[in-house]
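Enquirer: What follows is the file model_3.csv, containing CSV, N, CA, C and O atoms:
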chain,number,residue,atom,x,y,z
A,125,MET,N,0.8,-1.2,0.0
A,125,MET,CA,0.0,0.0,0.0
A,125,MET,C,0.9,1.2,0.0
A,125,MET,O,2.0,1.2,0.5
A,126,THR,N,0.4,2.3,-0.6
A,126,THR,CA,1.1,3.5,-0.6
A,126,THR,C,0.1,4.6,-0.3
A,126,THR,O,-1.0,4.7,-0.8
A,127,SER,N,0.5,5.5,0.7
A,127,SER,CA,-0.3,6.6,1.1
A,127,SER,C,0.6,7.7,1.6
A,127,SER,O,1.1,7.6,2.7
A,128,GLY,N,0.8,8.8,0.8
A,128,GLY,CA,1.7,9.9,1.2
A,128,GLY,C,3.1,9.4,1.4
A,128,GLY,O,3.7,8.8,0.6
A,129,GLU,N,3.5,9.5,2.7
A,129,GLU,CA,4.9,9.1,3.0
A,129,GLU,C,5.0,7.6,3.4
A,129,GLU,O,6.0,7.0,3.7
A,130,ILE,N,3.8,6.9,3.5
A,130,ILE,CA,3.7,5.5,3.9
A,130,ILE,C,3.8,4.6,2.6
A,130,ILE,O,3.0,4.8,1.7
A,131,ASP,N,4.7,3.6,2.6
A,131,ASP,CA,4.9,2.8,1.5
A,131,ASP,C,5.3,1.4,2.0
A,131,ASP,O,6.5,1.3,2.5
A,132,GLY,N,4.5,0.4,2.0
A,132,GLY,CA,4.9,-0.9,2.5
A,132,GLY,C,3.7,-1.9,2.5
A,132,GLY,O,2.7,-1.7,1.7
A,133,THR,N,3.8,-2.9,3.3
A,133,THR,CA,2.9,-4.0,3.3
A,133,THR,C,2.2,-4.0,4.7
A,133,THR,O,2.9,-4.0,5.7
A,134,VAL,N,0.9,-4.0,4.7
A,134,VAL,CA,0.1,-4.1,6.0
A,134,VAL,C,0.3,-5.4,6.6
A,134,VAL,O,0.0,-6.5,6.0
A,135,GLU,N,0.8,-5.4,7.9
A,135,GLU,CA,1.0,-6.7,8.6
A,135,GLU,C,-0.1,-6.9,9.6
A,135,GLU,O,-0.5,-8.1,9.8
A,136,GLU,N,-0.6,-5.9,10.2
A,136,GLU,CA,-1.7,-6.1,11.2
A,136,GLU,C,-2.5,-4.8,11.3
A,136,GLU,O,-1.9,-3.7,11.4
A,137,VAL,N,-3.8,-5.0,11.4
A,137,VAL,CA,-4.7,-3.8,11.7
A,137,VAL,C,-5.2,-4.0,13.1
A,137,VAL,O,-5.9,-5.0,13.4
A,138,GLY,N,-4.9,-3.1,14.0
A,138,GLY,CA,-5.4,-3.1,15.3
A,138,GLY,C,-6.5,-2.2,15.6
A,138,GLY,O,-7.0,-1.5,14.7
A,139,PHE,N,-6.9,-2.1,16.8
A,139,PHE,CA,-8.0,-1.2,17.2
A,139,PHE,C,-7.7,0.2,17.0
A,139,PHE,O,-8.5,1.0,16.5
A,140,ARG,N,-6.5,0.6,17.3
A,140,ARG,CA,-6.1,2.1,17.2
A,140,ARG,C,-5.1,2.4,16.1
A,140,ARG,O,-5.0,3.5,15.6
A,141,SER,N,-4.3,1.4,15.7
A,141,SER,CA,-3.2,1.6,14.7
A,141,SER,C,-3.0,0.4,13.8
A,141,SER,O,-3.5,-0.7,14.1
A,142,THR,N,-2.3,0.7,12.7
A,142,THR,CA,-2.0,-0.4,11.7
A,142,THR,C,-0.5,-0.5,11.7
A,142,THR,O,0.2,0.5,11.6
A,143,ARG,N,0.0,-1.7,11.7
A,143,ARG,CA,1.4,-2.0,11.6
A,143,ARG,C,1.7,-2.3,10.1
A,143,ARG,O,1.2,-3.1,9.4
A,144,ILE,N,2.7,-1.5,9.6
A,144,ILE,CA,3.1,-1.6,8.2
A,144,ILE,C,4.6,-1.9,8.1
A,144,ILE,O,5.4,-1.2,8.8
A,145,ARG,N,5.0,-2.9,7.3
A,145,ARG,CA,6.4,-3.2,7.1
A,145,ARG,C,6.8,-2.5,5.8
A,145,ARG,O,6.2,-2.8,4.7
A,146,THR,N,7.7,-1.6,5.9
A,146,THR,CA,8.2,-0.9,4.7
A,146,THR,C,9.0,-1.8,3.8
A,146,THR,O,9.5,-2.8,4.2
A,147,PHE,N,9.3,-1.3,2.6
A,147,PHE,CA,10.1,-2.1,1.7
A,147,PHE,C,11.6,-2.0,2.0
A,147,PHE,O,12.3,-2.7,1.4
A,148,ARG,N,11.9,-1.2,3.0
A,148,ARG,CA,13.3,-1.2,3.6
A,148,ARG,C,13.4,-2.1,4.8
A,148,ARG,O,14.3,-2.1,5.5
A,149,ASN,N,12.3,-2.9,5.0
A,149,ASN,CA,12.2,-3.8,6.1
A,149,ASN,C,12.1,-3.2,7.5
A,149,ASN,O,12.5,-3.9,8.5
A,150,SER,N,11.7,-2.0,7.6
A,150,SER,CA,11.4,-1.4,8.9
A,150,SER,C,9.9,-1.5,9.2
A,150,SER,O,9.1,-1.7,8.3
A,151,VAL,N,9.5,-1.2,10.5
A,151,VAL,CA,8.1,-1.3,10.9
A,151,VAL,C,7.6,0.1,11.2
A,151,VAL,O,8.3,0.8,11.9
A,152,MET,N,6.4,0.4,10.7
A,152,MET,CA,5.8,1.7,11.1
A,152,MET,C,4.4,1.4,11.7
A,152,MET,O,3.7,0.5,11.3
A,153,TYR,N,4.1,2.1,12.8
A,153,TYR,CA,2.8,2.1,13.4
A,153,TYR,C,2.1,3.4,13.0
A,153,TYR,O,2.5,4.4,13.4
A,154,VAL,N,1.0,3.2,12.3
A,154,VAL,CA,0.3,4.4,11.8
A,154,VAL,C,-1.1,4.4,12.4
A,154,VAL,O,-1.8,3.4,12.4
A,155,PRO,N,-1.5,5.6,13.0
A,155,PRO,CA,-2.9,5.6,13.6
A,155,PRO,C,-3.9,5.4,12.5
A,155,PRO,O,-3.8,5.9,11.4
A,156,ASN,N,-5.0,4.6,12.8
A,156,ASN,CA,-6.0,4.3,11.9
A,156,ASN,C,-6.7,5.5,11.3
A,156,ASN,O,-7.1,5.6,10.2
A,157,GLY,N,-6.8,6.6,12.2
A,157,GLY,CA,-7.5,7.8,11.7
A,157,GLY,C,-6.7,8.5,10.6
A,157,GLY,O,-7.3,9.0,9.7
A,158,LYS,N,-5.4,8.4,10.6
A,158,LYS,CA,-4.6,9.0,9.6
A,158,LYS,C,-4.8,8.2,8.2
A,158,LYS,O,-4.9,8.8,7.2
A,159,ILE,N,-4.9,6.9,8.3
A,159,ILE,CA,-5.1,6.1,7.1
A,159,ILE,C,-6.5,6.3,6.6
A,159,ILE,O,-6.8,6.4,5.4
A,160,ALA,N,-7.5,6.4,7.5
A,160,ALA,CA,-8.9,6.6,7.1
A,160,ALA,C,-9.1,8.0,6.4
A,160,ALA,O,-10.0,8.1,5.5
A,161,ASP,N,-8.3,9.0,6.7
A,161,ASP,CA,-8.4,10.3,6.1
A,161,ASP,C,-7.6,10.5,4.9
A,161,ASP,O,-7.6,11.5,4.3
A,162,ALA,N,-6.8,9.5,4.5
A,162,ALA,CA,-5.9,9.6,3.4
A,162,ALA,C,-6.3,8.9,2.2
A,162,ALA,O,-7.2,8.0,2.2
A,163,VAL,N,-5.7,9.2,1.1
A,163,VAL,CA,-5.9,8.5,-0.2
A,163,VAL,C,-4.9,7.3,-0.2
A,163,VAL,O,-3.7,7.5,0.0
A,164,VAL,N,-5.5,6.1,-0.3
A,164,VAL,CA,-4.6,4.9,-0.2
A,164,VAL,C,-4.6,4.2,-1.5
A,164,VAL,O,-5.7,3.9,-2.1
A,165,ASP,N,-3.4,3.8,-2.0
A,165,ASP,CA,-3.3,3.0,-3.2
A,165,ASP,C,-3.0,1.6,-2.8
A,165,ASP,O,-1.9,1.3,-2.2
A,166,ASN,N,-3.9,0.7,-2.9
A,166,ASN,CA,-3.8,-0.7,-2.5
A,166,ASN,C,-3.2,-1.5,-3.6
A,166,ASN,O,-4.0,-1.9,-4.5
A,167,HIS,N,-1.9,-1.8,-3.6
A,167,HIS,CA,-1.3,-2.5,-4.7
A,167,HIS,C,-1.7,-4.0,-4.8
A,167,HIS,O,-1.4,-4.7,-5.7
A,168,GLY,N,-2.4,-4.5,-3.7
A,168,GLY,CA,-2.7,-5.9,-3.7
A,168,GLY,C,-4.1,-6.2,-4.2
A,168,GLY,O,-4.6,-7.3,-4.2
A,169,LEU,N,-4.8,-5.2,-4.8
A,169,LEU,CA,-6.1,-5.4,-5.4
A,169,LEU,C,-6.0,-6.4,-6.6
A,169,LEU,O,-5.1,-6.3,-7.4
A,170,ARG,N,-7.0,-7.3,-6.7
A,170,ARG,CA,-7.0,-8.3,-7.7
A,170,ARG,C,-7.5,-7.6,-9.0
A,170,ARG,O,-8.4,-6.8,-9.0
A,171,GLN,N,-7.0,-8.1,-10.1
A,171,GLN,CA,-7.5,-7.6,-11.4
A,171,GLN,C,-9.0,-8.1,-11.6
A,171,GLN,O,-9.8,-7.4,-12.2
A,172,TYR,N,-9.3,-9.3,-11.2
A,172,TYR,CA,-10.6,-9.9,-11.4
A,172,TYR,C,-11.2,-10.2,-10.0
A,172,TYR,O,-10.4,-10.7,-9.1
A,173,ARG,N,-12.4,-10.0,-9.9
A,173,ARG,CA,-13.1,-10.3,-8.6
A,173,ARG,C,-14.0,-11.6,-8.8
A,173,ARG,O,-14.7,-11.7,-9.8
A,174,ARG,N,-14.0,-12.4,-7.8
A,174,ARG,CA,-14.8,-13.6,-7.9
A,174,ARG,C,-16.2,-13.3,-7.2
A,174,ARG,O,-16.2,-12.5,-6.3
A,175,PHE,N,-17.2,-13.8,-7.7
A,175,PHE,CA,-18.5,-13.6,-7.1
A,175,PHE,C,-19.3,-14.9,-7.2
A,175,PHE,O,-19.0,-15.8,-8.1
A,176,PHE,N,-20.2,-15.1,-6.3
A,176,PHE,CA,-21.0,-16.3,-6.3
A,176,PHE,C,-22.4,-15.9,-6.6
A,176,PHE,O,-23.0,-15.0,-6.0
A,177,HIS,N,-23.0,-16.6,-7.6
A,177,HIS,CA,-24.3,-16.3,-8.0
A,177,HIS,C,-25.2,-17.5,-7.6
A,177,HIS,O,-25.0,-18.6,-8.0
A,178,HIS,N,-26.1,-17.3,-6.7
A,178,HIS,CA,-27.0,-18.3,-6.2
A,178,HIS,C,-28.3,-18.2,-7.0
A,178,HIS,O,-29.1,-17.3,-6.8
A,179,ALA,N,-28.6,-19.2,-7.8
A,179,ALA,CA,-29.9,-19.3,-8.5
A,179,ALA,C,-30.9,-20.1,-7.6
A,179,ALA,O,-30.6,-21.3,-7.3
A,180,ASP,N,-31.9,-19.5,-7.2
A,180,ASP,CA,-32.9,-20.2,-6.4
A,180,ASP,C,-33.9,-20.9,-7.2
A,180,ASP,O,-34.8,-20.3,-7.8
A,181,HIS,N,-33.8,-22.2,-7.3
A,181,HIS,CA,-34.6,-23.0,-8.2
A,181,HIS,C,-35.6,-23.8,-7.3
A,181,HIS,O,-35.2,-24.5,-6.4
A,182,HIS,N,-36.9,-23.5,-7.5
A,182,HIS,CA,-37.9,-24.3,-6.8
A,182,HIS,C,-38.6,-25.2,-7.8
A,182,HIS,O,-39.1,-24.7,-8.8
A,183,LEU,N,-38.8,-26.4,-7.5
A,183,LEU,CA,-39.5,-27.4,-8.4
A,183,LEU,C,-40.8,-27.6,-7.9
A,183,LEU,O,-41.2,-27.6,-6.8
Can the structure from this file be put into structure tokens for me?

Expert:
Amino acid sequence: MTSGEIDGTVEEVGFRSTRIRTFRNSVMYVPNGKIADAVVDNHGLRQYRRFFHHADHHL
């Protein structure tokens, strides 16, 4: 994920903060409020999304 000065992989989302491992292998603890108010580029998004279609057939 990338957001402003934050660039790395989310390791854990806690109640008050999120732990991010940077690409330089250091750890950052970022308050969740800061992430919630920021524009976040999630590099892990899938190109295709799976979905389940349930057809309700009654005989």

Enquirer: Could you please determine the separation between atom C of A:Arg143 and atom N of A:Pro155 in Å, to one decimal place?

Expert: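 Those two atoms sit 9.0 Å apart.
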
Enquirer: Neighbouring residues of A:Asn149 were defined as those with any atom within 8 Å, considering all atoms listed in the file; residues of the same chain fewer than 4 positions away were excluded. Please report them as a VMD selection string.

Expert: chain A and resid 131 144 to 145

Enquirer: Find the spatial neighbours of A:Ala162, counting only C-alpha atoms, within a cut-off of 12 Å - ignore same-chain residues fewer than 2 positions away - and output them as a ChimeraX atom specification.

Expert: /A:125-130,154-160,164-165

Enquirer: For atom N of A:Phe147 and atom N of A:Thr133, determine how far apart the two atoms are, in Å to one decimal place.

Expert: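 Distance reported for this atom pair: 5.8 Å.
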
Enquirer: Work out how far atom O of A:Gly132 is from atom C of A:Gly168, in Å to one decimal.

Expert: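 It comes out at 10.1 Å.
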